[in-house]
Structure formats: structure tokens, C-alpha cells
Amino acid sequence: MNYIGIRIGLCGGHRTGKTTLADAVSRKSGIPFVRTSTSGVFAEHGLDPAAPMNFKTRLWIQHKVIESAETVWKDRAGSFITDRTPLDMLAYTLADITGTTEVDFPDLKAYADVCFNVANTLFTHLVIIQPGIPLIFEKGKAALNRAYIEHLSCIITGLCHDGRTFRPAWALPAHITDLDERVCSLMNFISSLSQSGSAPSGDFPAD
């Protein structure tokens, strides 16, 4: 199967199985898996992603997160599959805002513009991974709160269909929670891209 030019980002809240699925699909398809580490960036700067933080700090660390991930994605020439996207990062930022949150809106908009630009520049397709698998606590990860994860999923789904997102998005059906079935479903989606010739729509380096 010809997967040249396909650059897929799995979108979704934490603990939805994105990393496990991306790794499994990579092994099955041969598409290189590009791993990013949001928790690693937090740890590097002495922050806990599960701890409350003011919005200024949130926006600052999210800039560090996308800078780190963008470097990793840019370093990979040709096709890849990765376990998060800039839209995930924007969703976590937006999820911290309530009606009383003090926000420097120009700064927030600038960050959002960066996220949309990186998504549109470095990816060909977005795949939404919805909540559904059992939640397992892991130290150093974001809050293990089912309602919060659902909240993030709704924001990410909206961002994937925002007018500023120019890459097509497909949602893995939420009822599919078995890993083998998830891999099969995502492989069918990727194969349909290859067969239709719809993969590359940007100027990406060749494999």
C-alpha cells in the first residue's frame, strides 16, 4: 500500500489511547510513529499538568509544548503518524477558561493562530479519538476526570471542524474500544486515503 505523503495526527483528550493506537498502527502499516511528550515538557519546567495553574502560566507552558512538538514533527521528513496535534494543545488551553478567567485575548489569539498554522502546515489528516476506554491513572499526566476528558473531546471536535482548520478530520467511532478493532478501523481509513489519492494536499518532503 502506498502511504507516501500521509501525515496523520491523532486528536483527543488524555487517557483515550492515542499513543498506544498510533504505535500499533505504525507497526501494522509501516508508517513511522512520531512520539511527542507533553508531560515531559511540563516536567522540564517544574510544572504538574494535573495541578491548577493561573491562565498566564497555562498559556506560557502551552507555548513551550507546541514549540517542542513542532520541532519533533518538522524533523520527520515524509509520512508519519503522531499521538497528538496542535489542536489538542489549543483545546487544553481553552478548557482552562471560565467566565471569570482573566485572559489577555490578543495573546490567546496569537497562540491559537500558531496552533492552527502548525496543524495546517505539518499534517494532511486529523483523526479524533473519543473517550471510551477504561481510565487508568498514570503519574505526571493530566487530571483523571471523566467529565473533564469529555469536555476536552468536545472542544477538540469543534476545533477540528473550525473554519481555520484546513485539514480533513475523521472520528474513530466511540463505541470501538478494543485495540485490535481500533487498529483495523484506522487502517481502513488510511487505506481509503491511499486508494483515493487524497493524502498529500500540502508541500511535504518525500519519503
# chains A, B, ... in the order shown; residues from 1 in each chain; ligands from 1
>>> select_by_dssp(residues="segment 8-205 of chain A", states="strand (DSSP E or B)", output="JSON, numbers by chain")
{"A": [8, 9, 10, 11, 33, 34, 80, 81, 82, 125, 126, 127, 128, 129, 169, 170, 171, 172]}
>>> select_by_dssp(residues="segment 17-165 of chain A", states="helix (DSSP H, G or I)", output="PyMOL selection string")
chain A and resi 18-29+38-44+55-75+86-95+105-122+146-160
>>> closest_residue(among="A:Val103, A:Trp170, A:Leu21, A:Tyr111", to="Lys64 of chain A", atoms="only C-alpha atoms")
A:Tyr111
>>> closest_residue(among="A:Phe116, A:Phe105, A:Tyr3, A:Tyr92", to="Ile156 of chain A", atoms="only C-alpha atoms")
A:Tyr92
>>> residues_around(residues="Phe33 of chain A", least_positions_apart="6", cutoff="7 Å", atoms="only C-alpha atoms", output="PDB file with N, CA and C atoms, in the first residue's frame")
ATOM      1  N   ALA A  22      -1.525   4.871  17.955  1.00  0.00           N
ATOM      2  CA  ALA A  22      -0.577   5.349  16.942  1.00  0.00           C
ATOM      3  C   ALA A  22       0.577   4.367  16.785  1.00  0.00           C
ATOM      4  N   ASP A  23       1.092   3.862  17.899  1.00  0.00           N
ATOM      5  CA  ASP A  23       2.192   2.909  17.860  1.00  0.00           C
ATOM      6  C   ASP A  23       1.767   1.615  17.170  1.00  0.00           C
ATOM      7  N   SER A  26       1.336   2.180  13.440  1.00  0.00           N
ATOM      8  CA  SER A  26       2.652   2.307  12.838  1.00  0.00           C
ATOM      9  C   SER A  26       3.267   0.942  12.567  1.00  0.00           C
ATOM     10  N   PHE A  80       4.110  10.264   8.442  1.00  0.00           N
ATOM     11  CA  PHE A  80       4.183   9.865   9.844  1.00  0.00           C
ATOM     12  C   PHE A  80       2.796   9.794  10.434  1.00  0.00           C
ATOM     13  N   ILE A  81       2.705   9.146  11.590  1.00  0.00           N
ATOM     14  CA  ILE A  81       1.511   9.201  12.426  1.00  0.00           C
ATOM     15  C   ILE A  81       1.994   9.627  13.796  1.00  0.00           C
ATOM     16  N   THR A  82       1.257  10.516  14.449  1.00  0.00           N
ATOM     17  CA  THR A  82       1.681  11.035  15.746  1.00  0.00           C
ATOM     18  C   THR A  82       0.507  11.026  16.716  1.00  0.00           C
TER      19      THR A  82
END
>>> atom_distance(atom1="atom CA of Ile128 of chain A", atom2="atom CA of Gly12 of chain A")
5.8 Å
>>> atom_distance(atom1="atom CA of Thr177 of chain A", atom2="atom CA of Leu144 of chain A")
18.0 Å
>>> closest_residue(among="A:Leu126, A:Ile4, A:Ile176, A:Val183", to="Ala24 of chain A", atoms="only C-alpha atoms")
A:Val183
>>> closest_residue(among="A:Val25, A:Ala50, A:Cys154, A:Ile6", to="Ser192 of chain A", atoms="only C-alpha atoms")
A:Ile6
>>> closest_residue(among="A:Glu150, A:Asp113, A:Asp104, A:Asp162", to="Phe55 of chain A", atoms="only C-alpha atoms")
A:Asp104
>>> atom_distance(atom1="atom CA of Met187 of chain A", atom2="atom CA of Thr124 of chain A")
15.7 Å
>>> closest_residue(among="A:Ala95, A:Leu193, A:Leu159, A:Ile129", to="Leu172 of chain A", atoms="only C-alpha atoms")
A:Ile129
>>> residues_around(residues="Ala69 of chain A", least_positions_apart="6", cutoff="9 Å", atoms="only C-alpha atoms", output="count of residues only")
7
